[in-house]
>>> print(open('data-v3.pdb').read())   # PDB, C-alpha atoms
ATOM      1  CA  MET A 524      56.611  81.602 -76.159  1.00  0.00           C
ATOM      2  CA  LYS A 525      56.011  78.103 -74.812  1.00  0.00           C
ATOM      3  CA  THR A 526      55.896  75.000 -76.971  1.00  0.00           C
ATOM      4  CA  CYS A 527      52.830  72.764 -77.245  1.00  0.00           C
ATOM      5  CA  GLN A 528      54.467  70.225 -74.895  1.00  0.00           C
ATOM      6  CA  MET A 529      55.042  72.943 -72.285  1.00  0.00           C
ATOM      7  CA  ILE A 530      51.416  74.060 -72.606  1.00  0.00           C
ATOM      8  CA  ARG A 531      50.164  70.463 -72.287  1.00  0.00           C
ATOM      9  CA  ASP A 532      52.207  70.059 -69.107  1.00  0.00           C
ATOM     10  CA  LEU A 533      50.404  73.105 -67.710  1.00  0.00           C
ATOM     11  CA  LEU A 534      46.870  72.144 -68.814  1.00  0.00           C
ATOM     12  CA  SER A 535      45.840  70.356 -65.608  1.00  0.00           C
ATOM     13  CA  GLY A 536      47.005  73.294 -63.484  1.00  0.00           C
ATOM     14  CA  TYR A 537      45.298  75.658 -65.916  1.00  0.00           C
ATOM     15  CA  LEU A 538      41.974  73.820 -65.580  1.00  0.00           C
ATOM     16  CA  ASP A 539      42.317  73.736 -61.773  1.00  0.00           C
ATOM     17  CA  ARG A 540      43.254  77.464 -61.728  1.00  0.00           C
ATOM     18  CA  GLU A 541      46.521  76.727 -59.963  1.00  0.00           C
ATOM     19  CA  LEU A 542      48.855  78.615 -62.292  1.00  0.00           C
ATOM     20  CA  ARG A 543      50.314  82.062 -61.803  1.00  0.00           C
ATOM     21  CA  PRO A 544      48.165  84.691 -63.568  1.00  0.00           C
ATOM     22  CA  GLU A 545      50.724  85.252 -66.346  1.00  0.00           C
ATOM     23  CA  ASP A 546      50.980  81.488 -67.070  1.00  0.00           C
ATOM     24  CA  GLN A 547      47.194  81.181 -66.955  1.00  0.00           C
ATOM     25  CA  LYS A 548      46.893  83.916 -69.622  1.00  0.00           C
ATOM     26  CA  GLU A 549      49.614  82.382 -71.774  1.00  0.00           C
ATOM     27  CA  VAL A 550      47.906  78.959 -71.796  1.00  0.00           C
ATOM     28  CA  GLN A 551      44.584  80.624 -72.577  1.00  0.00           C
ATOM     29  CA  ARG A 552      46.110  82.532 -75.516  1.00  0.00           C
ATOM     30  CA  HIS A 553      47.753  79.350 -76.827  1.00  0.00           C
ATOM     31  CA  LEU A 554      44.477  77.420 -76.669  1.00  0.00           C
ATOM     32  CA  THR A 555      42.788  79.995 -78.905  1.00  0.00           C
ATOM     33  CA  THR A 556      45.303  79.276 -81.699  1.00  0.00           C
ATOM     34  CA  CYS A 557      46.208  75.563 -81.274  1.00  0.00           C
ATOM     35  CA  ALA A 558      43.608  72.889 -82.094  1.00  0.00           C
ATOM     36  CA  ALA A 559      45.833  70.015 -80.839  1.00  0.00           C
ATOM     37  CA  CYS A 560      46.156  71.556 -77.352  1.00  0.00           C
ATOM     38  CA  ARG A 561      42.399  72.287 -77.259  1.00  0.00           C
ATOM     39  CA  THR A 562      41.795  68.581 -78.001  1.00  0.00           C
ATOM     40  CA  GLU A 563      44.111  67.685 -75.100  1.00  0.00           C
ATOM     41  CA  GLU A 564      42.213  70.160 -72.887  1.00  0.00           C
ATOM     42  CA  ARG A 565      38.879  68.487 -73.751  1.00  0.00           C
ATOM     43  CA  ALA A 566      40.368  65.037 -73.018  1.00  0.00           C
ATOM     44  CA  ILE A 567      41.494  66.159 -69.556  1.00  0.00           C
ATOM     45  CA  LEU A 568      38.066  67.693 -68.852  1.00  0.00           C
ATOM     46  CA  GLN A 569      36.373  64.450 -69.921  1.00  0.00           C
ATOM     47  CA  LEU A 570      38.684  62.404 -67.672  1.00  0.00           C
ATOM     48  CA  LYS A 571      37.946  64.675 -64.708  1.00  0.00           C
ATOM     49  CA  GLU A 572      34.208  64.358 -65.315  1.00  0.00           C
ATOM     50  CA  THR A 573      34.473  60.560 -65.498  1.00  0.00           C
ATOM     51  CA  LEU A 574      36.470  60.382 -62.264  1.00  0.00           C
ATOM     52  CA  ARG A 575      33.867  62.499 -60.433  1.00  0.00           C
ATOM     53  CA  GLY A 576      31.330  59.710 -60.976  1.00  0.00           C
ATOM     54  CA  VAL A 577      33.569  56.932 -59.610  1.00  0.00           C
ATOM     55  CA  PRO A 578      33.068  56.265 -55.887  1.00  0.00           C
ATOM     56  CA  MET A 579      36.140  56.543 -53.732  1.00  0.00           C
ATOM     57  CA  PRO A 580      37.391  53.274 -52.249  1.00  0.00           C
ATOM     58  CA  GLY A 581      37.019  52.853 -48.506  1.00  0.00           C
ATOM     59  CA  MET A 582      40.042  53.145 -46.293  1.00  0.00           C
ATOM     60  CA  PRO A 583      40.973  50.049 -44.259  1.00  0.00           C
ATOM     61  CA  ARG A 584      40.267  50.513 -40.547  1.00  0.00           C
ATOM     62  CA  ASP A 585      43.833  49.708 -39.501  1.00  0.00           C
ATOM     63  CA  VAL A 586      45.213  52.400 -41.832  1.00  0.00           C
ATOM     64  CA  LEU A 587      42.676  54.917 -40.519  1.00  0.00           C
ATOM     65  CA  ALA A 588      43.532  53.982 -36.918  1.00  0.00           C
ATOM     66  CA  ALA A 589      47.260  54.390 -37.594  1.00  0.00           C
ATOM     67  CA  ILE A 590      46.689  57.845 -39.111  1.00  0.00           C
ATOM     68  CA  GLU A 591      44.524  58.942 -36.175  1.00  0.00           C
ATOM     69  CA  ALA A 592      47.081  57.616 -33.668  1.00  0.00           C
ATOM     70  CA  GLU A 593      49.781  59.758 -35.276  1.00  0.00           C
ATOM     71  CA  THR A 594      47.653  62.880 -35.651  1.00  0.00           C
ATOM     72  CA  ILE A 595      44.410  63.294 -33.734  1.00  0.00           C
ATOM     73  CA  LEU A 596      45.098  61.022 -30.772  1.00  0.00           C
ATOM     74  CA  LYS A 597      48.801  61.824 -30.387  1.00  0.00           C
ATOM     75  CA  ALA A 598      49.615  63.702 -27.212  1.00  0.00           C
ATOM     76  CA  ARG A 599      50.897  67.211 -27.710  1.00  0.00           C
ATOM     77  CA  TRP A 600      54.353  68.030 -26.394  1.00  0.00           C
ATOM     78  CA  TRP A 601      52.981  69.886 -23.368  1.00  0.00           C
ATOM     79  CA  GLU A 602      50.715  66.960 -22.491  1.00  0.00           C
ATOM     80  CA  SER A 603      53.500  64.370 -22.444  1.00  0.00           C
ATOM     81  CA  ASP A 604      54.468  62.657 -19.179  1.00  0.00           C
ATOM     82  CA  VAL A 605      58.078  63.780 -19.461  1.00  0.00           C
ATOM     83  CA  PHE A 606      57.057  67.406 -19.741  1.00  0.00           C
ATOM     84  CA  GLN A 607      54.450  67.193 -16.966  1.00  0.00           C
ATOM     85  CA  ARG A 608      56.727  65.422 -14.481  1.00  0.00           C
ATOM     86  CA  ARG A 609      60.134  66.919 -15.168  1.00  0.00           C
ATOM     87  CA  TRP A 610      60.116  70.113 -17.162  1.00  0.00           C
ATOM     88  CA  PHE A 611      56.944  71.897 -16.119  1.00  0.00           C
ATOM     89  CA  PRO A 612      57.796  72.179 -12.400  1.00  0.00           C
ATOM     90  CA  LEU A 613      61.318  73.299 -13.265  1.00  0.00           C
ATOM     91  CA  MET A 614      60.088  75.902 -15.746  1.00  0.00           C
ATOM     92  CA  ALA A 615      57.351  77.094 -13.389  1.00  0.00           C
ATOM     93  CA  GLY A 616      59.855  77.520 -10.557  1.00  0.00           C
ATOM     94  CA  THR A 617      62.299  79.331 -12.830  1.00  0.00           C
ATOM     95  CA  ALA A 618      59.569  81.634 -14.110  1.00  0.00           C
ATOM     96  CA  ALA A 619      58.427  82.424 -10.558  1.00  0.00           C
ATOM     97  CA  ALA A 620      62.003  83.189  -9.506  1.00  0.00           C
ATOM     98  CA  ALA A 621      62.500  85.413 -12.546  1.00  0.00           C
ATOM     99  CA  VAL A 622      59.313  87.377 -11.833  1.00  0.00           C
ATOM    100  CA  ALA A 623      60.234  87.745  -8.159  1.00  0.00           C
ATOM    101  CA  GLY A 624      63.717  88.948  -9.128  1.00  0.00           C
ATOM    102  CA  TRP A 625      62.313  91.430 -11.607  1.00  0.00           C
ATOM    103  CA  LEU A 626      59.881  92.808  -9.003  1.00  0.00           C
ATOM    104  CA  TRP A 627      62.695  93.116  -6.466  1.00  0.00           C
ATOM    105  CA  MET A 628      64.823  95.007  -8.998  1.00  0.00           C
ATOM    106  CA  GLN A 629      61.942  97.337  -9.797  1.00  0.00           C
ATOM    107  CA  ALA A 630      61.482  98.026  -6.087  1.00  0.00           C
ATOM    108  CA  GLN A 631      65.187  98.909  -5.802  1.00  0.00           C
ATOM    109  CA  LEU A 632      64.981 101.378  -8.680  1.00  0.00           C
ATOM    110  CA  VAL A 633      62.019 103.379  -7.287  1.00  0.00           C
ATOM    111  CA  PRO A 634      63.235 106.134  -4.935  1.00  0.00           C
ATOM    112  CA  THR A 635      61.647 105.751  -1.504  1.00  0.00           C
ATOM    113  CA  ARG A 636      60.440 108.709   0.508  1.00  0.00           C
ATOM    114  CA  SER A 637      62.139 109.316   3.779  1.00  0.00           C
ATOM    115  CA  ALA A 638      60.021 109.299   6.908  1.00  0.00           C
ATOM    116  CA  HIS A 639      62.013 112.291   8.155  1.00  0.00           C
ATOM    117  CA  MET A 640      61.096 114.777   5.472  1.00  0.00           C
ATOM    118  CA  ASN A 641      61.096 118.357   6.588  1.00  0.00           C
ATOM    119  CA  VAL A 642      57.758 119.980   5.947  1.00  0.00           C
ATOM    120  CA  ALA A 643      57.502 123.695   6.407  1.00  0.00           C
ATOM    121  CA  VAL A 644      54.411 124.513   8.438  1.00  0.00           C
ATOM    122  CA  GLY A 645      53.808 127.822  10.068  1.00  0.00           C
ATOM    123  CA  ILE A 646      54.275 131.470   9.381  1.00  0.00           C
ATOM    124  CA  SER A 647      56.288 132.604   6.455  1.00  0.00           C
ATOM    125  CA  THR A 648      59.066 134.976   7.228  1.00  0.00           C
ATOM    126  CA  SER A 649      59.046 136.325   3.726  1.00  0.00           C
ATOM    127  CA  PRO A 650      58.632 140.115   3.701  1.00  0.00           C
ATOM    128  CA  ALA A 651      56.060 139.900   0.888  1.00  0.00           C
ATOM    129  CA  VAL A 652      53.855 137.583   2.919  1.00  0.00           C
ATOM    130  CA  ALA A 653      54.378 139.587   6.087  1.00  0.00           C
ATOM    131  CA  LEU A 654      52.996 142.707   4.376  1.00  0.00           C
ATOM    132  CA  HIS A 655      49.698 140.950   3.635  1.00  0.00           C
ATOM    133  CA  GLN A 656      49.129 139.539   7.130  1.00  0.00           C
ATOM    134  CA  ASP A 657      46.367 141.073   9.238  1.00  0.00           C
ATOM    135  CA  PRO A 658      47.896 142.232  12.512  1.00  0.00           C
ATOM    136  CA  ASP A 659      44.599 141.647  14.376  1.00  0.00           C
ATOM    137  CA  LYS A 660      44.561 137.924  13.533  1.00  0.00           C
ATOM    138  CA  ASP A 661      46.731 135.359  15.181  1.00  0.00           C
ATOM    139  CA  PRO A 662      48.292 133.550  12.163  1.00  0.00           C
ATOM    140  CA  VAL A 663      49.339 130.499  14.208  1.00  0.00           C
ATOM    141  CA  ASN A 664      45.785 129.635  15.358  1.00  0.00           C
ATOM    142  CA  GLU A 665      44.109 130.616  12.133  1.00  0.00           C
ATOM    143  CA  ASP A 666      42.299 127.812  10.217  1.00  0.00           C
ATOM    144  CA  ILE A 667      44.222 126.664   7.214  1.00  0.00           C
ATOM    145  CA  HIS A 668      42.092 126.368   4.071  1.00  0.00           C
TER     146      HIS A 668
END
>>> encode(input="data-v3.pdb", output="structure tokens")
Amino acid sequence: MKTCQMIRDLLSGYLDRELRPEDQKEVQRHLTTCAACRTEERAILQLKETLRGVPMPGMPRDVLAAIEAETILKARWWESDVFQRRWFPLMAGTAAAAVAGWLWMQAQLVPTRSAHMNVAVGISTSPAVALHQDPDKDPVNEDIH
């Protein structure tokens, strides 16, 4: 069980719904039984409501320009002159060489077909095939389908 001081330290987070669910429930339970912490809760709510009505001060132009120069207008690492002039060509060349090497290795791993492959064309000398041949037909000149 948390003390009143612990609960009061959590009140702003409780009102902004920033607490873990179990802490949120514990503060809520405490507020149902403690009038002093409920008074503190109302004071924080009143302060928040008052601050909503106060206009925000303007930001000086030089501060805004400095922030933009470091964030929005700052060149990204790949847009820098050093990267464009020195590293990009080197990395592009290295990447091209790596891809070419990989393709060459892949070509070496694929078995190539020999131009001198022996292909059996003609009449089979198998006895089973010979039994089914028509003696009146010339098997060499017969159309192959």
>>> residues_around(input="data-v3.pdb", residues="Glu563 of chain A", least_positions_apart="4", cutoff="9 Å", atoms="all atoms listed in the file", output="list in words")
Arg531, Leu534, Ala558, Ala559, Ile567 and Leu568 of chain A
>>> atom_distance(input="data-v3.pdb", atom1="atom CA of Leu542 of chain A", atom2="atom CA of Ile530 of chain A")
11.6 Å
>>> atom_distance(input="data-v3.pdb", atom1="atom CA of Ser535 of chain A", atom2="atom CA of Ile590 of chain A")
29.3 Å
>>> closest_residue(input="data-v3.pdb", among="A:Leu596, A:Val577, A:Cys527, A:Pro612", to="Thr556 of chain A", atoms="all atoms listed in the file")
A:Cys527
>>> atom_distance(input="data-v3.pdb", atom1="atom CA of Thr526 of chain A", atom2="atom CA of Glu545 of chain A")
15.6 Å
>>> residues_around(input="data-v3.pdb", residues="Glu549 of chain A", least_positions_apart="5", cutoff="9 Å", atoms="all atoms listed in the file", output="PyMOL selection string")
chain A and resi 524-525+530+544+554
